[in-house]
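**Student:** Could you have a look at this structure, given as structure tokens, before my questions?
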Amino acid sequence: MGGLGGVNWDEWVKVIYGLVLSTVLGFVAGWAVAALIQVACRNSDRRRLDVGFGRLQVIGSAFVALMHGAQDGQKFMSTAMLAIALSVGKSVGDMGGFPLWLEVLCAGVMAIGTGIGGRRIIKKVGMEMVQLEKYQGFAASVSASVSLLIATLTGLPVSTTHTKTAAILGAGAAKGMRSVSWGVAKEMVLTWVFTFPGCGIIGFCLAKLFLVLF
């Protein structure tokens, strides 16, 4: 199976497996953590809870950012490292690991990209798809982070965006299925479905073009 047509299909299946597993795990964990918080805090003062979970959200967001770097950051650096190795006629294994400047560059570019495009995505996911309360935001962050940590430790390449969005859906659904705008969620799922093969087709066409030109 591996190596057929120049593609390591075993690794390809591993990527698909990781995407499906992390998305399902993110949703289930998001629902479970949010439901647990609802039960544990049902008799607590609402205002004090909002203040507490508002502070905990900062910690949860930092954890998600760390896992984002552990997953998506590695993909960006690997792609750049491949280009660098090919430009000097070496394999990636001969490069001796990622240089510090590349790590800093990828971290900076990811931060800038999040700052530029993050607001619209946050509005879409955190306001239009689900009207998140603070405890739900914390539950989604913790659930996504744990799911991403498990994937990272087991060597599964997954999508931080898919996992976090699924966790948000789960946290919203824990309050009631009507708390989620499933129409918006459907649009996002369709986007995921179309972008995955779309990127593969574009990458294939560009690779063929470069082989012809160079």
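Residues in the structure tokens are numbered from 1 in each chain, the chains being A, B, ... in the order shown, and ligands are numbered from 1 in the order shown.
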Produce a table with one row for each residue of segment 8-35 of chain A that has an atom at most 7 Å from any atom of segment 134-158 of chain A, each row naming the nearest atom pair and its distance in Å at one decimal; use only C-alpha atoms; arrange rows by chain and rising residue number; format as JSON lines.

**Tutor:**
{"residue": "A:Lys14", "atom": "CA", "partner": "A:Leu156", "partner_atom": "CA", "distance": 7.0}
{"residue": "A:Val15", "atom": "CA", "partner": "A:Pro157", "partner_atom": "CA", "distance": 5.9}
{"residue": "A:Gly18", "atom": "CA", "partner": "A:Leu156", "partner_atom": "CA", "distance": 5.4}
{"residue": "A:Leu19", "atom": "CA", "partner": "A:Val158", "partner_atom": "CA", "distance": 5.1}
{"residue": "A:Ser22", "atom": "CA", "partner": "A:Ser147", "partner_atom": "CA", "distance": 6.1}
{"residue": "A:Leu25", "atom": "CA", "partner": "A:Ser147", "partner_atom": "CA", "distance": 6.4}
{"residue": "A:Gly26", "atom": "CA", "partner": "A:Ala144", "partner_atom": "CA", "distance": 5.4}
{"residue": "A:Ala29", "atom": "CA", "partner": "A:Ser143", "partner_atom": "CA", "distance": 5.2}
{"residue": "A:Gly30", "atom": "CA", "partner": "A:Ala140", "partner_atom": "CA", "distance": 5.1}
{"residue": "A:Val33", "atom": "CA", "partner": "A:Ala139", "partner_atom": "CA", "distance": 5.5}
{"residue": "A:Ala34", "atom": "CA", "partner": "A:Ala139", "partner_atom": "CA", "distance": 5.3}

**Student:** Which neighbours of segment 109-115 of chain A fall inside 12 Å, counting only C-alpha atoms, when residues of the same chain fewer than 6 positions from it are skipped, and could you give them as a PDB file with C-alpha atoms, in the first residue's frame?

**Tutor:**
ATOM      1  CA  ALA A  65      -2.201  28.218  21.271  1.00  0.00           C
ATOM      2  CA  LEU A  66       0.499  25.853  22.527  1.00  0.00           C
ATOM      3  CA  HIS A  68      -1.704  24.904  17.723  1.00  0.00           C
ATOM      4  CA  GLY A  69       2.040  25.275  17.489  1.00  0.00           C
ATOM      5  CA  ASP A  72      -0.200  23.194  12.652  1.00  0.00           C
ATOM      6  CA  GLY A  73       3.119  24.905  13.345  1.00  0.00           C
ATOM      7  CA  GLN A  74       5.007  21.681  12.637  1.00  0.00           C
ATOM      8  CA  LYS A  75       3.277  21.337   9.275  1.00  0.00           C
ATOM      9  CA  PHE A  76       4.258  24.845   8.203  1.00  0.00           C
ATOM     10  CA  MET A  77       7.862  24.364   9.277  1.00  0.00           C
ATOM     11  CA  LEU A 102      12.512  29.185  10.790  1.00  0.00           C
ATOM     12  CA  GLU A 103      10.731  28.449  14.072  1.00  0.00           C
ATOM     13  CA  ILE A 121     -13.697  33.562  12.208  1.00  0.00           C
ATOM     14  CA  ILE A 122     -14.268  34.182  15.917  1.00  0.00           C
ATOM     15  CA  THR A 161      -9.323  24.400  13.536  1.00  0.00           C
TER      16      THR A 161
END

**Student:** Taking only C-alpha atoms into account, name the residue in A:Lys164, A:Arg42, A:Arg119, A:Lys124 that is nearest to Thr23 of chain A.

**Tutor:**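 Ranked by minimum distance to Thr23 of chain A, first place goes to A:Lys164.
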
**Student:** To one decimal place in Å, what is the distance between atom CA of Phe27 of chain A and atom CA of Ala174 of chain A?

**Tutor:**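 Atom-to-atom, atom CA of Phe27 of chain A to atom CA of Ala174 of chain A, that is 10.0 Å.
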
**Student:** To one decimal place in Å, what is the distance between atom CA of Asp94 of chain A and atom CA of Met81 of chain A?

**Tutor:**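 Atom-to-atom, atom CA of Asp94 of chain A and atom CA of Met81 of chain A are spaced 10.8 Å apart.
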
**Student:** Between atom CA of Gly183 of chain A and atom CA of Val130 of chain A, what is the distance in Å, rounded to a tenth?

**Tutor:** 11.0 Å

**Student:** Output as JSON lines one row per residue of segment 81-159 of chain A within 10 Å of segment 179-182 of chain A: the closest atom pair and its distance in Å to one decimal place, counting only C-alpha atoms, sorted by chain and residue number ascending.

**Tutor:**
{"residue": "A:Val125", "atom": "CA", "partner": "A:Ser181", "partner_atom": "CA", "distance": 9.8}
{"residue": "A:Met127", "atom": "CA", "partner": "A:Ser181", "partner_atom": "CA", "distance": 9.7}
{"residue": "A:Glu128", "atom": "CA", "partner": "A:Ser181", "partner_atom": "CA", "distance": 7.0}
{"residue": "A:Met129", "atom": "CA", "partner": "A:Ser181", "partner_atom": "CA", "distance": 4.9}
{"residue": "A:Val130", "atom": "CA", "partner": "A:Val180", "partner_atom": "CA", "distance": 5.0}
{"residue": "A:Gln131", "atom": "CA", "partner": "A:Ser179", "partner_atom": "CA", "distance": 7.2}
{"residue": "A:Leu132", "atom": "CA", "partner": "A:Ser179", "partner_atom": "CA", "distance": 9.0}

**Student:** Mind checking DSSP for chain A and telling me the alpha helix (DSSP H) residues as a PyMOL selection string?

**Tutor:** chain A and resi 9-40+46-68+74-87+100-123+134-153+160-173+182-213

**Student:** Residues near Met95 of chain A, anyone? I mean within 12 Å using only C-alpha atoms, not counting same-chain ones fewer than 6 positions away, as a list in words.

**Tutor:**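 Listed by chain and then number, they are Ser78, Ala80, Met81, Leu82, Ala83, Ile84, Ala85, Leu86, Ser87, Val88 and Gly89 of chain A.
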
**Student:** So, counting only C-alpha atoms, which residue among A:Cys205, A:Leu100, A:Val193, A:Ala185 is closest to Val20 of chain A?

**Tutor:**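 Nearest candidate to Val20 of chain A out of A:Cys205, A:Leu100, A:Val193, A:Ala185: A:Val193.
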
**Student:** For a quick check of understanding, using only C-alpha atoms, which of A:Lys175, A:Gly108, A:Glu133, A:Met67 has the smallest distance to Asp50 of chain A?

**Tutor:**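 Among A:Lys175, A:Gly108, A:Glu133, A:Met67, it is A:Glu133 that comes nearest to Asp50 of chain A.
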
**Student:** Using only C-alpha atoms, which residue out of A:Val39, A:Leu206, A:Cys106, A:Val28 lies closest to Ala173 of chain A?

**Tutor:**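 When distances to Ala173 of chain A are compared using only C-alpha atoms, the smallest one comes from A:Val28.
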